[in-house]
Each structure stands twice: as C-alpha cells, then as structure tokens.
>>> print(open('model-v9.cif').read())   # mmCIF, C-alpha atoms
data_final
loop_
_atom_site.label_atom_id
_atom_site.label_comp_id
_atom_site.auth_asym_id
_atom_site.auth_seq_id
_atom_site.Cartn_x
_atom_site.Cartn_y
_atom_site.Cartn_z
CA MET C 6 0.00 0.00 0.00
CA LYS C 7 2.90 2.34 0.73
CA LYS C 8 4.04 2.07 -2.89
CA ILE C 9 0.55 2.91 -4.21
CA THR C 10 0.20 5.88 -1.86
CA CYS C 11 3.53 7.26 -3.05
CA ILE C 12 2.51 7.06 -6.70
CA LEU C 13 -0.86 8.66 -6.04
CA PHE C 14 0.80 11.48 -4.14
CA LEU C 15 3.26 12.15 -6.96
CA PHE C 16 0.48 12.10 -9.54
CA LEU C 17 -1.70 14.53 -7.61
CA PHE C 18 1.27 16.71 -6.66
CA PHE C 19 2.24 17.19 -10.29
CA PHE C 20 -1.23 18.26 -11.38
CA ALA C 21 -1.62 20.49 -8.34
CA GLN C 22 1.52 22.32 -9.41
CA SER C 23 1.00 22.37 -13.18
CA GLN C 24 -2.75 23.05 -13.24
CA ASN C 25 -2.97 25.72 -10.51
CA LYS C 26 -5.54 23.88 -8.43
CA GLY C 27 -8.15 26.23 -7.01
CA PHE C 28 -11.25 24.13 -6.24
CA THR C 29 -12.18 22.61 -2.89
CA TYR C 30 -14.57 19.68 -2.52
CA THR C 31 -15.69 19.98 1.09
CA PRO C 32 -18.02 22.73 2.33
CA SER C 33 -16.86 24.71 5.35
CA ASN C 34 -20.30 24.23 6.93
CA ILE C 35 -20.69 20.47 6.47
CA ASP C 36 -22.49 19.99 9.82
CA SER C 37 -25.06 22.71 9.19
CA LEU C 38 -25.53 21.37 5.65
CA GLU C 39 -26.35 17.92 7.07
CA THR C 40 -28.87 19.52 9.43
CA TYR C 41 -30.39 21.44 6.53
CA LEU C 42 -30.75 18.29 4.41
CA SER C 43 -32.46 16.44 7.27
CA LYS C 44 -34.84 19.36 7.82
CA ILE C 45 -35.95 19.72 4.21
CA THR C 46 -36.33 15.94 3.84
CA ALA C 47 -38.65 15.82 6.85
CA ASN C 48 -40.65 18.77 5.53
CA ARG C 49 -40.99 17.18 2.13
CA VAL C 50 -42.50 13.98 3.56
CA LYS C 51 -45.38 16.12 4.85
CA ASN C 52 -46.35 16.91 1.25
CA PHE C 53 -47.56 13.35 0.75
CA ASP C 54 -50.86 11.77 1.79
CA ASN C 55 -50.87 9.73 4.99
CA SER C 56 -51.07 6.51 2.99
CA GLU C 57 -47.96 7.51 1.03
CA GLN C 58 -45.80 8.97 3.78
CA LYS C 59 -44.17 5.75 4.97
CA LYS C 60 -42.89 4.82 1.50
CA ALA C 61 -42.07 8.44 0.66
CA LYS C 62 -40.03 8.80 3.85
CA GLU C 63 -38.12 5.62 3.06
CA ILE C 64 -37.26 6.74 -0.48
CA LEU C 65 -36.46 10.35 0.43
CA GLU C 66 -34.27 9.27 3.33
CA GLU C 67 -32.31 6.98 0.99
CA ARG C 68 -31.86 9.91 -1.38
CA ARG C 69 -30.71 12.17 1.47
CA ILE C 70 -28.11 9.64 2.59
CA SER C 71 -26.94 9.18 -0.99
CA PHE C 72 -26.69 12.94 -1.54
CA SER C 73 -24.75 13.42 1.71
CA LYS C 74 -22.39 10.64 0.70
CA SER C 75 -21.81 12.25 -2.71
CA ILE C 76 -20.78 15.47 -0.95
CA LYS C 77 -18.34 13.57 1.27
CA ASP C 78 -17.09 11.71 -1.81
CA SER C 79 -16.13 15.04 -3.41
CA ALA C 80 -18.77 15.06 -6.16
CA PHE C 81 -19.30 18.81 -5.74
CA ILE C 82 -17.19 21.96 -6.02
CA PHE C 83 -17.20 24.69 -3.37
CA ASP C 84 -15.62 27.65 -5.11
CA PRO C 85 -16.16 31.27 -3.98
CA ILE C 86 -15.80 32.71 -7.50
CA ILE C 87 -18.41 30.42 -9.06
CA ASN C 88 -20.69 30.65 -6.01
CA HIS C 89 -20.61 34.44 -6.11
CA TYR C 90 -21.39 34.39 -9.84
CA LEU C 91 -24.41 32.14 -9.24
CA ARG C 92 -25.63 34.25 -6.30
CA ASP C 93 -25.61 37.41 -8.45
CA ILE C 94 -27.74 35.72 -11.12
CA LEU C 95 -30.14 34.23 -8.57
CA THR C 96 -30.50 37.61 -6.84
CA GLU C 97 -31.73 39.10 -10.11
CA ILE C 98 -34.17 36.20 -10.68
CA TYR C 99 -35.60 36.51 -7.14
CA HIS C 100 -35.82 40.31 -7.36
CA ALA C 101 -37.77 40.06 -10.64
CA ASN C 102 -39.99 37.28 -9.24
CA PRO C 103 -40.77 38.14 -5.59
CA GLN C 104 -43.43 35.41 -5.47
CA ILE C 105 -40.68 32.74 -5.38
CA ASP C 106 -40.16 31.50 -1.82
CA HIS C 107 -36.43 30.82 -1.99
CA GLN C 108 -35.68 30.83 1.73
CA ASP C 109 -34.68 27.14 1.76
CA PHE C 110 -33.07 27.03 -1.69
CA TYR C 111 -29.53 25.68 -1.86
CA PHE C 112 -27.52 25.74 -5.10
CA ILE C 113 -24.51 23.48 -5.38
CA VAL C 114 -21.95 23.02 -8.19
CA ASN C 115 -21.34 19.50 -9.47
CA LYS C 116 -17.81 18.93 -10.76
CA SER C 117 -19.11 17.00 -13.79
CA LEU C 118 -17.99 18.52 -17.09
CA VAL C 119 -21.18 17.33 -18.80
CA PRO C 120 -23.38 20.41 -19.47
CA ASN C 121 -26.42 19.96 -17.26
CA ALA C 122 -28.34 21.18 -14.21
CA ALA C 123 -30.76 19.48 -11.85
CA CYS C 124 -33.57 20.12 -9.37
CA TYR C 125 -33.68 17.60 -6.52
CA GLY C 126 -37.18 18.66 -5.54
CA ASN C 127 -36.36 19.58 -1.95
CA GLY C 128 -34.93 23.04 -2.54
CA VAL C 129 -31.52 21.71 -3.55
CA PHE C 130 -30.31 22.42 -7.08
CA ALA C 131 -27.12 21.36 -8.84
CA VAL C 132 -25.35 23.11 -11.70
CA ASN C 133 -22.63 21.15 -13.51
CA LEU C 134 -19.30 22.77 -14.31
CA GLY C 135 -19.93 21.69 -17.91
CA LEU C 136 -22.82 24.14 -18.19
CA PHE C 137 -20.48 27.07 -17.52
CA ASN C 138 -18.21 25.77 -20.26
CA LEU C 139 -21.08 25.51 -22.73
CA ALA C 140 -22.84 28.81 -21.98
CA GLU C 141 -21.63 32.04 -23.53
CA SER C 142 -23.50 34.54 -21.41
CA GLU C 143 -24.91 35.18 -17.96
CA ASP C 144 -28.29 35.33 -19.70
CA GLU C 145 -28.01 31.69 -20.80
CA ILE C 146 -27.09 30.50 -17.31
CA ALA C 147 -30.03 32.47 -15.88
CA SER C 148 -32.40 30.81 -18.35
CA VAL C 149 -31.34 27.33 -17.20
CA LEU C 150 -31.70 28.34 -13.54
CA CYS C 151 -35.24 29.59 -14.17
CA HIS C 152 -36.08 26.28 -15.81
CA GLU C 153 -34.82 24.28 -12.81
CA ILE C 154 -36.56 26.57 -10.30
CA SER C 155 -39.77 25.97 -12.27
CA HIS C 156 -39.44 22.22 -11.71
CA HIS C 157 -39.42 22.94 -7.98
CA LEU C 158 -42.34 25.38 -8.09
CA LEU C 159 -44.40 22.90 -10.11
CA ARG C 160 -43.52 20.11 -7.63
CA HIS C 161 -42.50 17.81 -10.46
CA ASN C 162 -40.27 15.65 -8.23
CA ASP C 163 -43.02 15.14 -5.64
CA LYS C 164 -45.62 14.40 -8.31
CA SER C 165 -43.30 11.89 -9.97
CA LEU C 166 -42.65 10.17 -6.64
CA GLN C 167 -46.39 10.09 -5.85
CA LYS C 168 -47.05 8.53 -9.23
CA TYR C 169 -44.33 5.95 -8.57
CA ILE C 170 -45.73 5.00 -5.16
CA LYS C 171 -49.33 4.78 -6.39
CA THR C 172 -48.38 2.77 -9.46
CA PHE C 173 -46.24 0.16 -7.76
CA ASN C 174 -48.65 -0.13 -4.82
CA SER C 175 -51.64 -0.69 -7.09
CA LYS C 176 -53.25 -4.12 -7.15
CA GLU C 177 -53.01 -4.25 -10.93
CA VAL C 178 -49.23 -3.73 -11.04
CA LYS C 179 -48.59 -6.03 -8.09
CA GLN C 180 -50.55 -8.74 -9.91
CA LYS C 181 -48.59 -8.18 -13.13
CA ILE C 182 -45.26 -8.37 -11.31
CA ASN C 183 -46.37 -11.51 -9.43
CA THR C 184 -47.49 -13.15 -12.68
CA ALA C 185 -44.27 -12.20 -14.50
CA THR C 186 -42.01 -13.63 -11.80
CA LYS C 187 -43.85 -16.98 -11.95
CA VAL C 188 -43.25 -17.49 -15.68
CA LYS C 189 -41.19 -20.66 -16.09
CA TYR C 190 -39.48 -19.84 -19.39
CA GLY C 191 -38.46 -16.44 -20.69
CA ARG C 192 -39.06 -14.82 -17.31
CA ARG C 193 -36.35 -12.22 -17.88
CA ALA C 194 -37.90 -11.03 -21.13
CA VAL C 195 -41.39 -10.83 -19.62
CA VAL C 196 -40.19 -8.84 -16.59
CA ALA C 197 -38.12 -6.55 -18.84
CA GLU C 198 -41.13 -5.88 -21.07
CA LEU C 199 -43.28 -5.04 -18.03
CA MET C 200 -40.63 -2.67 -16.67
CA LYS C 201 -40.31 -1.10 -20.13
CA ASP C 202 -44.03 -0.28 -20.15
CA LEU C 203 -43.94 1.12 -16.61
CA ASN C 204 -40.81 3.15 -17.27
CA PHE C 205 -42.27 4.59 -20.46
CA ASN C 206 -45.24 5.90 -18.48
CA PHE C 207 -42.93 7.61 -16.01
CA MET C 208 -40.67 9.01 -18.72
CA LYS C 209 -43.62 10.23 -20.74
CA TYR C 210 -44.77 12.09 -17.64
CA SER C 211 -41.25 13.50 -17.24
CA ARG C 212 -41.19 14.75 -20.83
CA ASN C 213 -44.45 16.57 -20.22
CA ALA C 214 -42.91 18.05 -17.07
CA GLU C 215 -40.02 19.42 -19.12
CA MET C 216 -42.41 21.27 -21.39
CA GLU C 217 -44.23 22.69 -18.36
CA ALA C 218 -40.92 23.81 -16.85
CA ASP C 219 -39.98 25.43 -20.17
CA SER C 220 -43.18 27.44 -20.12
CA LEU C 221 -43.00 28.61 -16.50
CA GLY C 222 -39.23 29.04 -16.71
CA LEU C 223 -39.60 31.39 -19.67
CA ALA C 224 -42.26 33.37 -17.78
CA LEU C 225 -39.89 33.80 -14.81
CA PHE C 226 -36.95 34.57 -17.08
CA SER C 227 -38.91 37.16 -19.09
CA LYS C 228 -39.33 39.31 -15.99
CA THR C 229 -35.59 39.61 -15.43
CA LYS C 230 -33.16 42.04 -17.03
CA TYR C 231 -31.71 39.26 -19.16
CA SER C 232 -32.21 38.89 -22.90
CA LYS C 233 -35.12 36.52 -23.59
CA GLU C 234 -33.34 35.22 -26.70
CA ALA C 235 -30.84 33.46 -24.45
CA SER C 236 -33.49 30.84 -23.62
CA ILE C 237 -33.25 29.75 -27.25
CA THR C 238 -29.48 30.01 -27.71
CA ILE C 239 -28.72 27.80 -24.71
CA LEU C 240 -31.19 25.14 -25.89
CA LYS C 241 -29.55 25.15 -29.31
CA LYS C 242 -26.13 24.71 -27.70
CA LEU C 243 -27.43 21.83 -25.58
CA ASP C 244 -28.87 20.22 -28.72
CA LEU C 245 -25.58 20.55 -30.61
CA CYS C 246 -23.49 19.19 -27.73
CA ASP C 247 -25.72 16.12 -27.29
CA GLY C 248 -23.53 13.10 -27.98
CA MET C 249 -20.40 15.23 -28.36
CA ILE C 250 -18.96 14.67 -24.88
CA PHE C 251 -15.51 13.06 -25.12
CA SER C 252 -15.59 13.47 -28.90
CA ASN C 253 -12.19 15.16 -29.26
CA GLN C 254 -9.45 13.33 -31.14
CA THR C 255 -6.91 11.58 -28.91
CA ASN C 256 -4.60 9.82 -31.40
CA LEU C 257 -4.01 7.00 -28.95
CA LYS C 258 -2.07 4.87 -31.43
CA GLN C 259 0.13 7.73 -32.59
CA ASN C 260 1.19 8.59 -29.04
CA PHE C 261 1.95 5.01 -27.99
CA THR C 262 3.72 3.48 -30.98
CA PHE C 263 7.50 3.35 -31.12
CA ALA C 264 10.01 2.04 -33.65
CA GLU C 265 11.28 -0.49 -31.10
CA TYR C 266 7.80 -1.36 -29.82
CA PRO C 267 4.92 -0.75 -32.28
CA PHE C 268 1.30 -0.28 -31.16
CA LYS C 269 -0.62 -3.56 -31.04
CA GLU C 270 -4.19 -3.59 -32.37
CA ASN C 271 -5.35 -6.05 -29.71
CA TRP C 272 -4.75 -3.33 -27.10
CA VAL C 273 -7.93 -1.62 -28.27
CA MET C 274 -9.99 -4.69 -29.17
CA GLN C 275 -12.87 -5.85 -27.02
CA GLU C 276 -12.68 -9.47 -25.94
CA ASP C 277 -15.28 -11.70 -27.58
CA LYS C 278 -17.35 -13.70 -25.14
CA ILE C 279 -19.04 -17.04 -25.61
CA PHE C 280 -22.32 -15.52 -24.51
CA ASP C 281 -22.92 -12.12 -26.11
CA THR C 282 -24.52 -10.41 -23.15
CA ILE C 283 -24.36 -7.03 -24.84
CA GLU C 284 -26.53 -8.22 -27.70
CA SER C 285 -29.05 -9.91 -25.40
CA VAL C 286 -29.35 -6.78 -23.29
CA ASN C 287 -29.84 -4.72 -26.43
CA ASP C 288 -32.70 -6.99 -27.47
CA LEU C 289 -34.54 -6.11 -24.29
CA LYS C 290 -33.49 -2.45 -24.19
CA PRO C 291 -36.29 0.01 -25.06
CA GLU C 292 -35.82 2.27 -28.04
CA LYS C 293 -33.61 5.23 -27.14
CA ASP C 294 -36.16 7.89 -28.10
CA SER C 295 -39.07 6.22 -26.32
CA LEU C 296 -37.42 6.62 -22.92
CA LYS C 297 -35.81 9.99 -23.55
CA THR C 298 -36.46 12.03 -20.41
CA HIS C 299 -36.25 15.39 -22.14
CA PRO C 300 -38.33 16.04 -25.23
CA ASP C 301 -36.34 16.66 -28.41
CA ILE C 302 -34.81 20.09 -28.06
CA PRO C 303 -35.95 21.28 -31.53
CA ILE C 304 -39.56 20.63 -30.40
CA ARG C 305 -38.98 22.63 -27.23
CA ILE C 306 -37.46 25.49 -29.22
CA GLU C 307 -40.34 25.46 -31.70
CA THR C 308 -42.87 25.65 -28.85
CA MET C 309 -41.05 28.53 -27.18
CA LEU C 310 -40.66 30.46 -30.42
CA LYS C 311 -44.34 29.95 -31.21
CA ASN C 312 -45.39 31.39 -27.88
CA GLN C 313 -42.87 34.19 -27.53
CA LYS C 314 -41.63 34.99 -31.07
CA LEU C 315 -38.01 34.97 -29.94
CA ASN C 316 -34.88 35.21 -32.03
CA ALA C 317 -31.52 33.62 -31.25
CA SER C 318 -28.63 35.74 -29.92
CA GLY C 319 -26.27 35.97 -26.96
CA LEU C 320 -23.26 37.80 -25.53
CA THR C 321 -20.17 36.53 -23.76
CA THR C 322 -19.29 38.08 -20.40
CA SER C 323 -15.82 38.55 -18.93
CA GLN C 324 -16.87 37.05 -15.60
CA LEU C 325 -18.00 33.87 -17.31
CA GLU C 326 -14.71 33.75 -19.20
CA VAL C 327 -12.85 33.77 -15.88
CA ILE C 328 -14.89 30.76 -14.74
CA LYS C 329 -14.27 28.95 -18.04
CA LYS C 330 -10.55 29.52 -17.61
CA ARG C 331 -10.64 28.16 -14.05
CA ILE C 332 -12.49 25.06 -15.24
CA SER C 333 -9.97 24.49 -18.02
CA GLU C 334 -7.05 24.93 -15.62
CA ASN C 335 -8.52 22.46 -13.15
CA ALA C 336 -10.06 19.86 -15.50
CA LEU C 337 -7.19 17.40 -15.10
CA GLN C 338 -7.06 17.97 -11.38
CA ILE C 339 -10.79 17.28 -11.03
CA TYR C 340 -10.46 13.85 -12.59
CA SER C 341 -7.13 12.96 -11.00
CA ASP C 342 -8.57 13.82 -7.58
CA ASN C 343 -11.31 11.30 -8.35
CA TYR C 344 -8.76 8.77 -9.68
CA LYS C 345 -10.52 8.55 -13.05
CA LEU C 346 -7.48 7.34 -14.98
CA ASP C 347 -9.40 6.84 -18.22
CA ILE C 348 -10.64 10.43 -18.22
CA VAL C 349 -7.26 11.78 -17.12
CA LEU C 350 -5.63 10.05 -20.10
CA TYR C 351 -8.39 11.34 -22.39
CA GLN C 352 -7.86 14.89 -21.13
CA LEU C 353 -4.08 14.68 -21.52
CA LEU C 354 -4.29 13.34 -25.08
CA SER C 355 -7.11 15.57 -26.32
CA GLN C 356 -5.81 18.77 -24.72
CA HIS C 357 -2.31 18.12 -26.06
CA GLU C 358 -3.80 17.49 -29.50
CA LYS C 359 -5.52 20.91 -29.31
CA GLY C 360 -2.38 22.65 -28.06
CA LEU C 361 -3.81 23.37 -24.60
CA ILE C 362 -0.99 21.46 -22.86
CA ASP C 363 2.66 22.00 -23.76
CA ASP C 364 5.02 19.09 -24.46
CA PRO C 365 6.83 19.07 -21.09
CA ALA C 366 3.58 19.01 -19.05
CA PHE C 367 2.12 16.37 -21.37
CA ASN C 368 5.17 14.12 -21.17
CA ILE C 369 5.39 14.35 -17.38
CA GLY C 370 1.67 13.67 -17.07
CA ILE C 371 1.76 10.62 -19.35
CA SER C 372 4.83 9.17 -17.62
CA LEU C 373 3.12 9.56 -14.24
CA LEU C 374 -0.10 7.99 -15.48
CA LEU C 375 1.69 4.98 -16.99
CA LYS C 376 3.62 4.50 -13.75
CA LYS C 377 0.40 4.69 -11.78
CA VAL C 378 -1.36 2.17 -14.07
CA TYR C 379 1.56 -0.24 -13.65
CA VAL C 380 1.51 -0.07 -9.83
CA LEU C 381 -2.29 -0.43 -9.64
CA LYS C 382 -2.25 -3.46 -11.95
CA GLU C 383 0.68 -4.98 -10.13
CA THR C 384 -1.26 -4.78 -6.86
CA HIS C 385 -4.56 -5.92 -8.47
CA VAL C 386 -6.61 -2.80 -7.65
CA PHE C 387 -6.69 -1.28 -11.15
CA GLY C 388 -10.42 -2.02 -11.60
CA LYS C 389 -11.29 0.53 -8.92
CA TYR C 390 -9.96 3.39 -11.00
CA VAL C 391 -11.07 2.74 -14.58
CA ASP C 392 -14.68 2.24 -15.63
CA PRO C 393 -15.49 -0.63 -18.01
CA VAL C 394 -16.46 0.08 -21.59
CA ASN C 395 -20.03 1.35 -21.78
CA ALA C 396 -21.75 -0.86 -24.34
CA PHE C 397 -24.54 1.68 -24.92
CA SER C 398 -22.29 4.73 -25.04
CA GLU C 399 -21.38 6.65 -28.17
CA GLU C 400 -18.19 7.88 -26.48
CA LYS C 401 -15.93 6.16 -29.01
CA ASN C 402 -12.67 7.85 -28.01
CA LEU C 403 -13.16 7.36 -24.29
CA ASN C 404 -14.20 3.72 -24.75
CA GLU C 405 -11.06 3.12 -26.83
CA ILE C 406 -8.94 4.54 -24.00
CA ARG C 407 -10.72 2.29 -21.48
CA LEU C 408 -10.01 -0.74 -23.67
CA PHE C 409 -6.37 0.30 -24.00
CA LEU C 410 -5.83 0.74 -20.26
CA SER C 411 -7.66 -2.49 -19.48
CA ASN C 412 -5.98 -4.63 -22.15
CA ILE C 413 -2.34 -3.64 -21.71
CA GLU C 414 -0.55 -6.05 -19.39
CA LEU C 415 2.38 -5.42 -17.07
CA LYS C 416 4.82 -6.61 -19.72
CA ASN C 417 3.33 -4.10 -22.18
CA ILE C 418 3.34 -1.19 -19.72
CA ARG C 419 7.02 -1.79 -18.92
CA LYS C 420 7.90 -1.31 -22.60
CA ILE C 421 5.42 1.48 -23.35
CA GLY C 422 6.58 3.48 -20.32
CA PHE C 423 10.26 2.99 -21.12
CA TYR C 424 10.06 3.89 -24.81
CA PHE C 425 7.72 6.83 -24.15
CA CYS C 426 10.20 8.31 -21.67
CA GLN C 427 13.14 7.57 -23.94
CA LYS C 428 11.45 9.25 -26.90
CA ASN C 429 10.44 12.39 -24.98
CA GLU C 430 13.36 12.79 -22.56
CA ILE C 431 14.84 15.82 -24.33
CA SER C 432 11.78 18.04 -23.73
CA VAL C 433 11.84 17.45 -19.97
CA LYS C 434 15.43 16.41 -19.36
CA GLU C 435 15.84 18.59 -16.29
CA ASN C 436 12.53 17.68 -14.63
CA PRO C 437 13.10 15.47 -11.54
CA VAL C 438 9.60 13.96 -11.63
CA PHE C 439 10.00 12.81 -15.23
CA GLN C 440 13.50 11.50 -14.52
CA GLU C 441 12.19 9.50 -11.57
CA ASN C 442 9.50 7.95 -13.79
CA TYR C 443 12.09 7.19 -16.47
CA ALA C 444 14.32 5.51 -13.89
CA PHE C 445 11.31 3.47 -12.71
CA PHE C 446 10.75 2.04 -16.19
CA LYS C 447 14.50 1.57 -16.85
CA LYS C 448 14.70 -0.60 -13.75
CA LEU C 449 11.66 -2.65 -14.80
CA ASN C 450 13.25 -3.39 -18.17
CA GLN C 451 16.52 -4.53 -16.61
CA ASN C 452 14.82 -7.45 -14.88
#
>>> encode(input="model-v9.cif", output="structure tokens")
Amino acid sequence: MKKITCILFLFLFFFAQSQNKGFTYTPSNIDSLETYLSKITANRVKNFDNSEQKKAKEILEERRISFSKSIKDSAFIFDPIINHYLRDILTEIYHANPQIDHQDFYFIVNKSLVPNAACYGNGVFAVNLGLFNLAESEDEIASVLCHEISHHLLRHNDKSLQKYIKTFNSKEVKQKINTATKVKYGRRAVVAELMKDLNFNFMKYSRNAEMEADSLGLALFSKTKYSKEASITILKKLDLCDGMIFSNQTNLKQNFTFAEYPFKENWVMQEDKIFDTIESVNDLKPEKDSLKTHPDIPIRIETMLKNQKLNASGLTTSQLEVIKKRISENALQIYSDNYKLDIVLYQLLSQHEKGLIDDPAFNIGISLLLKKVYVLKETHVFGKYVDPVNAFSEEKNLNEIRLFLSNIELKNIRKIGFYFCQKNEISVKENPVFQENYAFFKKLNQN
C-alpha cells in the first residue's frame, strides 16, 4: 500500500503544481448542511398523503443519505468565484420574481464537465461545471436556472414520486409483477417488457414536465433584465453538444507506438465472449427515443418560439470567461482527484492534441499515469480506478482509451513506459519527476 500511496501522491502533486488547483470539494459548513438536508427531507415527507408517507419517507431518506455521501465523496465543487457568480444571477431572478419563496433554496456546483443542471425537488439544485463551459452569457445560465426553479415550483419531483408509489402499490401492477415472476421460461424477457411499459409511463410524464418547466421558466426569465433570446441560444447549444462529450481526437495509437515497440491492435480490441450479453441486453433495451427524459430540443425550441416569437442571440461576459478559464485549468485535477485514470488520459491526449498542454507538461503527465497504471495493476486494484467500456455509449474515443488501459498487461506497460520516456526525454530532461518515472521504467526493463 505504501508504494501505491507514493505514486498517487506524486500524480496529484504534479497536477496540483501544473494546473494551478483552485477548487475545494468539502463545504466549510458540512455539519449545518447535514442539518439542513435532514430538515428539508422531513418537511418534504409532509407533502404526501398519509397513505404515502411511509414509503415516501423511506425513499427520500435513501436519497438524502446518498446525496450526503456524494458530498463527502467530493462530487461537488465549493468555489467562492463560481458561487458568487451564481448568487448574483439568482438575486436578479428573485428580485424580478418576488413570489418565489427561496428561503430554503440551496444551489450546489457539481464537478461533472457534462453540461447539465438538476432540481432535486427539496430546494436543492445542482449546476454542472460543464454548463459554464457551454454557456456564452450570464443570460443563458439564468435561463437554465429559471427552468430548474420551475421544476421545484411545479412540484414535479413530488408528483413523480407520488405517481411511482401509487403505481407500484396498485393491485393491478402487483398482480402483473407476481405473474411475470412466476413465468417458467423467458421470465427475464417478460419482466423486462413489463418494466419497459412502466418506465415509459414515467418518462412520458417527465417529458411533459419538461415542457411545463420550459413554459414557466420562460415566464420567470422574461421578468428579469436578461435577454429573452438566451433561452433559445442555450437550448440550441445543448442540442448541438448532445452526444459530443468526449468526442475530441486523442490519437491514442500515434502517441503510444514506437520504432522499437509498435502499437498492437489487440490493445484496443474488445474481448469476444461465448455468450454475447451485450446483444441480449440490447434486445430487451427500449428504443432510445421512447425513454428519452427530455423532449427533443428542436420541439422545445419550436414551442417557445411559437409562444414568444423569440430570435436567437447571446453575448459573452468577462466574468463567465474567468470561470471557463478556471475550469480548463482544473479539469485534469478534477479527474485525477477522483482517480478517473481513463478520463485523465483522455484529457491529456485531447488537450495536447488541441495545443492546450505544452510538451513538457504532457510528457510528465503521461509518464506519471503509466507509472500509476503499472503499480495499480501490479497490486490488483486497477479495476477501482477505470470504468469498463459502456456498451450503450457513443463515447468512441473514451471507450477506446478504457479498452487500451484495461488490455495492456504489465509486460506491455514496462515497454510502453520505457520507450515513451526515452522518446520524450529531451523536452523534460531537467525535470526530476519525469526522470524518476524514467528511472522506474528503466529498472523494470533490466529485470
């Protein structure tokens, strides 16, 4: 364990120095936050009928525990610059809409770089770092916040939970589930089909809720000082970015092929299995569009334009640019702090490809990552730090990196690490961290 700890420390130390770490993951008021979460959970249970309260309390308490754990597990960012930026926008929204009771509202920033925001239904809202990267104006951020606040005002989370409880407690559904579980042959397919039908009903309700939140959100947003057109521009950006996460080129083969040790195609090939579980799961998987939580964005835009006659425009603000810069500077640190080796490698390769990381920083980062992968595989804990390939994901480049990291064996990593350091030594010849990594792989290849 001492060896692993040393490698992790070196890896995090390098990125802390090279990426100017500025984010913290633990709130200063963690105890009062826990008290707040308990209070709003208890208050929310009161919104349900007496016959529903027992089940509602059970579910909401599980969600509270899960949310508290995610805070302790560093899923969120507590940054004064971003928090101040959000507070300024929210102050304008509340001032323009005094009917909003925001006394118990709590906005938190998720460190995910996927552009999104969420309403938890209990006064807690999350805004992903990725949304700040995608947006080009304060107006666009404000539009998204109004949309999420509308979900809360319309009690969509409570209504969805009530529908869930009533549906699964109904005699009809209980009978269907009981019948399905007693089927002798093809039970899995029957149960999956039943769950597909039930899920579609919930998702259909959720899609209707999105349209309702669009309508109320636009009404709230229209009262603010912000440009109404931003409600359209941000939706268009969200539509364009759909499916584009982790779409940057990484040139995995180019970076890890050497004259003395060429890249092997089987490093990025998925192992064939006797039983094709992926195909069987796909057979039972509902059509993608039928379970899409959010309605197609073009439909939402068309509805909003029809009602408000808006045009598309937007302006970039300097304050938002500062936040974008901070996110870019800390992107590698965010994932390395979470030990997401696959995403760290993706970030290193893609950012170097785009010229956002210079050669010395890139070479030190790659040498550290390869060293870390070797130690984790050697001690049989590698699986904790790299997610498996997502069979239903369109993240081609990230999946290729996951295959690469999973497929290369210790004997491969010894050679890849050695030849990578040998090839790039000149650019970082004086760096002690790189030289230590190079020495590590030299020693491995002497045995």
>>> resolve_selection(input="model-v9.cif", expression="the PyMOL selection byres ((chain C and resi 432) around 9)", output="count of residues only")
9
>>> closest_residue(input="model-v9.cif", among="C:Pro103, C:Arg160, C:Glu145, C:Leu325", to="Ala235 of chain C", atoms="all atoms listed in the file")
C:Glu145
>>> closest_residue(input="model-v9.cif", among="C:His100, C:Arg49, C:Arg212, C:His161", to="Glu63 of chain C", atoms="only C-alpha atoms")
C:Arg49
>>> atom_distance(input="model-v9.cif", atom1="atom CA of Thr31 of chain C", atom2="atom CA of Asp78 of chain C")
8.9 Å
>>> atom_distance(input="model-v9.cif", atom1="atom CA of Gln427 of chain C", atom2="atom CA of Asn271 of chain C")
23.7 Å
>>> residues_near_point(input="model-v9.cif", point="(-6.8, 13.5, -30.1)", cutoff="12 Å", atoms="all atoms listed in the file", output="PyMOL selection string")
chain C and resi 251-260+350-361+401-403+405-406
>>> closest_atom_pairs(input="model-v9.cif", of="segment 65-165 of chain C", to="segment 33-40 of chain C", cutoff="10 Å", atoms="all atoms listed in the file", output="CSV")
residue,atom,partner,partner_atom,distance
C:Arg69,CA,C:Glu39,CA,9.1
C:Ile70,CA,C:Glu39,CA,9.6
C:Phe72,CA,C:Glu39,CA,10.0
C:Ser73,CA,C:Glu39,CA,7.2
C:Ile76,CA,C:Ile35,CA,8.9
C:Lys77,CA,C:Ile35,CA,9.0
C:Phe83,CA,C:Ser33,CA,8.7
C:Tyr111,CA,C:Leu38,CA,9.5
